[in-house]
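Read the structure below first, then the notes.
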Protein chains: 2
Amino acid sequence: MFKVKFIPENTVVIAKLGETLFDAARKAGIFLDAPCNGLGSCGKCKLKVLKGSVNFRKSHHITESELAQGFVLACNSKINGDITVEVPAIQTSALSGMKVEDLAGTKDQQIIDTVINLAAENHILFNSPMQKAYMELDLPSLDDCISDWDRIKRHLLKNISYSEALCRLPILKKIPHVLRENDFHATVTYFAENSERIRVINIEPDDTSDRLYGAAIDVGTTSVAAFLVDLYNGKIIAKASAGNAQIKYGADVINRIIHATKKNGLQELTHAIIKETINPLLKKMRQETHISKDDISVMVASGNTTMMHLMLGVYPDYLRKEPYIPAFLSSEYLKAADLGLEAYSESLLYILPSVSSYVGGDITAGILASGLWSEDQNILFMDLGTNGEIVFGNKDFLLTCACSAGPAFEGGEISSGMRAAPGAIENVRIDRKTFEPTIDTIDNQLPLGLCGSGIIDAIAEMFRAGIIDSRGRLNRNLKTRRIRFDEYGIGEYVFAFRGEYYIPKDITITEIDLENFIRAKGAVYAAVAVLLNSMGMDYSGIDKIYIAGGIGTNISMNNSITIGLFPDLPVEKFKYLGNSSLMGSYLTLRSTDARKKAEDIASHMTYLELSTDSSYMGEFISACFLPHTEIERFPTVKDPRKII
Amino acid sequence: MFKVKFIPENTVVIAKLGETLFDAARKAGIFLDAPCNGLGSCGKCKLKVLKGSVNFRKSHHITESELAQGFVLACNSKINGDITVEVPAIQTSALSGMKVEDLAGTKDQQIIDTVINLAAENHILFNSPMQKAYMELDLPSLDDCISDWDRIKRHLLKNISYSEALCRLPILKKIPHVLRENDFHATVTYFAENSERIRVINIEPDDTSDRLYGAAIDVGTTSVAAFLVDLYNGKIIAKASAGNAQIKYGADVINRIIHATKKNGLQELTHAIIKETINPLLKKMRQETHISKDDISVMVASGNTTMMHLMLGVYPDYLRKEPYIPAFLSSEYLKAADLGLEAYSESLLYILPSVSSYVGGDITAGILASGLWSEDQNILFMDLGTNGEIVFGNKDFLLTCACSAGPAFEGGEISSGMRAAPGAIENVRIDRKTFEPTIDTIDNQLPLGLCGSGIIDAIAEMFRAGIIDSRGRLNRNLKTRRIRFDEYGIGEYVFAFRGEYYIPKDITITEIDLENFIRAKGAVYAAVAVLLNSMGMDYSGIDKIYIAGGIGTNISMNNSITIGLFPDLPVEKFKYLGNSSLMGSYLTLRSTDARKKAEDIASHMTYLELSTDSSYMGEFISACFLPHTEIERFPTVKDPRKII
């Protein structure tokens, strides 16, 4: 048994001979930002050995210079004695909370306005299925000796437009006391199961009808964001966000699914999303607003199909194995307490319905909130987060597909990539003559890596400046200290030198990164092309493009076109929606009409499976260029040097 | 602290100074048959002090001779030192299990035949809401990649006549594994919520469609009886009965309600009925038939309104306080596991709807099973158990009332009374000349007391033999050793002398017992009279009389008429139904039509509150005679000595 000490936390854990540093870190409660979850493929779990040594295999993820400084891959390092290691700042920073504004993407009033406009235009009523009714009941007498529950039911059915009322057992148990506590004046909370029937889920003495709250939750693979909503006026009274605590079990859905197949893996993932992520968010919002747990009566959540499986505790492995079968796509309202959610014991949870294994309820929610389903014009909806989902349609049809773009848009699989956290380079300009970069970081902190929008800028600028060619290969003839090559001849461009900023390592984009990112953007572009082809259309058929998802607020549409991620259409046609999944959840929370519309959307969306589409591979290969093999598809990008 | 030892159990418990023997017995797990639950009023909790002594107040329940033998009332005896007491055989015997035949009242085949005939005549289908379906699903492929649950739903909705299917969360979690365990061949158990919608509550690999069981339970105040039913063919595959373990908290509903208002009282009562009574019955039936807990998918229970409150854990105190308000009368299907019932985790429980605070689901079940609701003729239905409930009606109307007859029909409030357990005197004849009795006991055991039918016989025979007059007073002029008087001049007739049978005490009926029983029968008769009056009818309007309930199989209709318990109608018009509550539960278990009919019956029954009826007290006083003050109402009883 050996001691393993982690700096700067100064945490010490005991480890066995042969155990990896990765496992020791997990035991120490230090969660390394490792998308591959310790499989050795992502190269992200770098730690610096300060004292002692480890047994490790050589990896291309560790350069000679890093090796000299003591860097090792935690997952590839077996403990052979007492050791002290340092966890680099980037590891902890990448997991720190992002700002709510970034996650929600839009401000409260904008959300409310958007939703109100959308509802008004489409005759969607704000008819929340969860309601309260204050009752002053007639007192019982020998001439009117019906049961307490029948008395409540009689009053309810006389005063609201339902024909049947049911009561949950725990409420039945409360009724005799509550009614007599305040002279048969009481407030019931009821849930409209359908247009005929309500179910009473709470009873309180006296008039509490002004306290009725709900939560809308976007369950992202990377981040989770939530609103606490006053269901009377629709006001967003609190909001919160945090990284999805499942991240310690893998960065993307595939690695999470693999973890779910391990012993206790599924329970760990469910615990991570419910107990370690959503419950703390709910608690934070409750504390900010001094709202009791018992006043939260309903919740709506949206997320991709895998997230919904993991949240409900349903085995997800068949999602990733051909023929890619989910266990379920939709569910009726569930008891939130059955999932371990911290809310009123009888509160209900609705999850937005998914469309297929890789087009989830977050997309349904996004389409709902975007209003695409009510438009005459043809709209392309692209959700770029940890994966890429695309919808094309209007009020008459909805076509969708998902492409395995991987986590590149959120900084994954890029050697200096990171999520849009403080210190991430989010904007890049490169001087056309000196080839020197100008960088902006989130919160103006010391640069730690490149986030999605930064990578897009970087590639577009490198391309325009002639630093890279259409294949993403570095120009070997340029005279600049920014470009260098390793012993295998693989080149990289340096955006920030270690010495320049006193940061742990240089921030670069390598030719391997470029290849990875170009493949990701090629996958998205090809998906759009196939979707349009299947309708017998080309880009001229797109009237508007909505961008949603974790790619971030600061994405440059121009640069995205330049690298061939988006079709070459006028920037006026683009609209950044922000977190449309959360907006859709919020709307569903407030409106049964909206919930029905969401179910309608999910059931009417035609899913195109790209892996079986014969044209997809050709489109993908053609799109793995900057901007594209067929340069005529990008008329404004024809000769990059002439644009700027 | 003192030691208290109970013989013959040889159980020793530690008790404090001043604690009662009643409490000590309870701690020792010895449940004394005390209807008043230790209030000192019933005089039943007699124990014999063998060694040591107690502090006690004198009580009219203990005679001088009993006192001399060491008998004390446990509830009235405070411990003041180490003591050894004997628990008389009558105490333990009264609580021992009765025979199923006695409780069910009728044999299996009779029940099935009755139910089948009733159903056939009334177009009631045996459409159990709980069904199984074996499915051989199409295997998923890239061209048919709907979710597992949608695949099941597609199959179900294609093959059965419902339009909507829902799935419980725990089942959703099982689906992916179960489907793949046996090549997408599986069996689902589903519950039809209504004519449109089913809810899947179980899934098992392969074909298990031949294993679908349910339980029907009659929850009586005194005894609980149950059937285990094969839902495919309706066969009763096991049956069991036991005393209601709540008896230790009081013999009748009023005492139980009072106990429920004490600290933890309600929980104790709920625990007693669910965990100590019903679960052991279910276990016994499962073990006999080798049926797994998980194969019991649905249960139906019937009981009086108080029993249903206590079973569901609902506070019952307002049932006994004017204006006598129940918390509820009916409920939708509940999750049996939520009540702590031992069955499949998602199995459902239905309770038959009650009519009012004192006319419960047992009466609804009885009316259902009796077929009264479908008859042209006017039928009087009398359920004589711990209380008396009466229904009068036919297919066009149903009128009901409850009378507080007390537990006399089951041997309560009678000094030598006991329930219909082995050793109870159930038949009595008295020689008209010698005034010597001939007695029959249940199972031919040594006589321990008189049960309901025995008391009826005894009173009728004493009346016919001229031993008592119309007021229930003993003839003071007869020469017989059987009649004797105490120091206050109160007389008693001895059915069995202690010395004759080597039993702990003489078995007698006292003038106080006679007064009590006459009051009980008067209450029932008066209720019938008021019910008929309210319809503007007299006895000639009754075409048939159905007798049900715990009064027992061996009740003599003739003797019941003689004492004026039943109206004086030809005995051919009487029919003893047995445990009609259990029969109604059984029918409801097998048929949704029957369940709807029961709800219809409960909602259409007109309840007459006797306590507010101006004529009731007059009728009651007139009926407190043998057979009645107005002797012309009992033409066949006019001169008792001439009948036999």
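Just remember, in the structure tokens the first chain shown is A, the second B, etc., residues are 1-based per chain, and ligands are 1-based in the order shown.
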
(message) Tell me as a ChimeraX atom specification which residues belonging to chain A come within 10 Å of chain B, counting only C-alpha atoms.
(response) /A:140-151,166-177,309,312-319,322-332,334-335,338-339,355-357,609,611-612

Just C-alpha atoms for this one: save the residues we selected as a short mmCIF file (atom, residue, chain, number, x, y, z; two decimals), in the first residue's frame.
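Heads up, here's the output in out.cif:
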```cif
data_model
loop_
_atom_site.label_atom_id
_atom_site.label_comp_id
_atom_site.auth_asym_id
_atom_site.auth_seq_id
_atom_site.Cartn_x
_atom_site.Cartn_y
_atom_site.Cartn_z
CA PRO A 140 -70.79 18.69 7.36
CA SER A 141 -74.05 18.02 9.19
CA LEU A 142 -76.38 15.09 9.74
CA ASP A 143 -78.27 16.24 6.65
CA ASP A 144 -75.09 16.57 4.62
CA CYS A 145 -72.87 13.79 5.85
CA ILE A 146 -70.97 12.82 2.72
CA SER A 147 -67.34 11.86 3.24
CA ASP A 148 -64.59 14.45 3.47
CA TRP A 149 -63.20 13.43 0.11
CA ASP A 150 -66.63 13.45 -1.53
CA ARG A 151 -67.14 16.94 -0.12
CA LEU A 166 -59.16 11.08 -7.90
CA CYS A 167 -57.05 11.41 -4.80
CA ARG A 168 -53.66 9.97 -3.96
CA LEU A 169 -53.50 7.82 -0.84
CA PRO A 170 -51.04 10.03 1.12
CA ILE A 171 -53.37 12.99 0.54
CA LEU A 172 -56.41 11.00 1.63
CA LYS A 173 -54.58 10.44 4.89
CA LYS A 174 -54.10 14.19 5.36
CA ILE A 175 -57.65 15.23 4.52
CA PRO A 176 -59.48 14.70 7.86
CA HIS A 177 -56.92 16.73 9.82
CA HIS A 309 -32.33 6.58 -19.95
CA LEU A 312 -34.73 7.18 -15.20
CA GLY A 313 -32.24 4.40 -14.46
CA VAL A 314 -33.00 2.44 -17.64
CA TYR A 315 -30.24 0.26 -19.12
CA PRO A 316 -28.96 2.12 -22.19
CA ASP A 317 -26.53 -0.31 -23.85
CA TYR A 318 -28.74 -1.17 -26.83
CA LEU A 319 -28.72 2.50 -27.84
CA GLU A 322 -26.73 -1.80 -34.03
CA PRO A 323 -29.67 -1.53 -34.73
CA TYR A 324 -29.55 1.21 -32.01
CA ILE A 325 -32.70 0.49 -30.01
CA PRO A 326 -33.77 2.72 -27.13
CA ALA A 327 -35.73 1.12 -24.31
CA PHE A 328 -38.26 3.95 -24.52
CA LEU A 329 -38.73 7.34 -26.12
CA SER A 330 -41.47 8.90 -24.06
CA SER A 331 -43.14 8.52 -20.72
CA GLU A 332 -46.24 9.67 -18.93
CA LEU A 334 -43.66 10.18 -13.33
CA LYS A 335 -43.51 10.67 -9.58
CA ASP A 338 -39.46 7.79 -7.42
CA LEU A 339 -36.39 9.10 -9.19
CA VAL A 355 -37.57 10.87 -31.56
CA SER A 356 -34.95 8.14 -31.85
CA SER A 357 -31.82 6.81 -30.18
CA GLU A 609 -30.64 7.01 -40.17
CA SER A 611 -25.46 5.08 -41.13
CA THR A 612 -27.70 3.30 -43.61
#
```

Any idea what's packed within 6 Å of Ala602 (chain A), counting only C-alpha atoms, ignoring anything in its chain fewer than 2 positions away? Could you give it as an mmCIF file with N, CA and C atoms, in the first residue's frame?
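As a result, out-v2.cif now contains:
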```
data_model
loop_
_atom_site.group_PDB
_atom_site.id
_atom_site.type_symbol
_atom_site.label_atom_id
_atom_site.label_comp_id
_atom_site.auth_asym_id
_atom_site.auth_seq_id
_atom_site.Cartn_x
_atom_site.Cartn_y
_atom_site.Cartn_z
ATOM 1 N N VAL A 355 -37.155 11.284 -30.224
ATOM 2 C CA VAL A 355 -37.570 10.871 -31.561
ATOM 3 C C VAL A 355 -36.931 9.533 -31.926
ATOM 4 N N THR A 364 -36.716 17.788 -29.457
ATOM 5 C CA THR A 364 -38.159 18.023 -29.468
ATOM 6 C C THR A 364 -38.470 19.360 -28.785
ATOM 7 N N GLU A 599 -45.467 16.371 -28.067
ATOM 8 C CA GLU A 599 -45.687 14.956 -28.382
ATOM 9 C C GLU A 599 -46.018 14.783 -29.860
ATOM 10 N N ASP A 600 -46.761 15.751 -30.363
ATOM 11 C CA ASP A 600 -47.096 15.767 -31.770
ATOM 12 C C ASP A 600 -45.828 15.910 -32.625
ATOM 13 N N HIS A 604 -44.298 13.051 -35.146
ATOM 14 C CA HIS A 604 -44.355 13.336 -36.580
ATOM 15 C C HIS A 604 -43.007 13.595 -37.215
ATOM 16 N N MET A 605 -41.947 13.552 -36.401
ATOM 17 C CA MET A 605 -40.636 13.802 -36.982
ATOM 18 C C MET A 605 -40.158 12.548 -37.691
#
```

(request) Would you work out the distance separating CA of Leu384 (chain B) from CA of Arg429 (chain B), expressed in Å to one decimal? (result) 22.8 Å

(message) Env of Gly360 (chain A): 6 Å cut, atoms = only C-alpha atoms, seq-sep filter 3 positions within chain, self excluded. Answer as number ranges by chain.
(response) A: 304-305, 354-355, 363

Kindly export the residues of the current selection with C-alpha atoms, as a PDB file, in the first residue's frame.
```
ATOM      1  CA  ASN A 304     -30.944  13.477 -25.247  1.00  0.00           C
ATOM      2  CA  THR A 305     -32.191   9.899 -25.326  1.00  0.00           C
ATOM      3  CA  SER A 354     -37.426  11.670 -27.847  1.00  0.00           C
ATOM      4  CA  VAL A 355     -37.570  10.871 -31.561  1.00  0.00           C
ATOM      5  CA  ILE A 363     -34.402  18.433 -29.840  1.00  0.00           C
TER       6      ILE A 363
END
```

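When only C-alpha atoms are used to compute distances to Lys479 (chain B), the closest of the residues B:Arg211, B:Ile542, B:Ala526, B:Thr434 turns out to be B:Thr434.
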
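Atom to atom, CA of Ile561 (chain B) and CA of Gly578 (chain B) stand 18.8 Å apart.
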
(message) Set the distance at 9 Å and use only C-alpha atoms: which residues neighbour Asp383 (chain A) once local chain neighbours fewer than 6 positions away are removed? I'd like the list as number ranges by chain.
(response) A: 363, 366, 389-391, 546-551, 580

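Nearest to Leu380 (chain B) of all the residues B:Gly618, B:Gly393, B:Pro504, B:Gly250 is B:Gly393, counting only C-alpha atoms.
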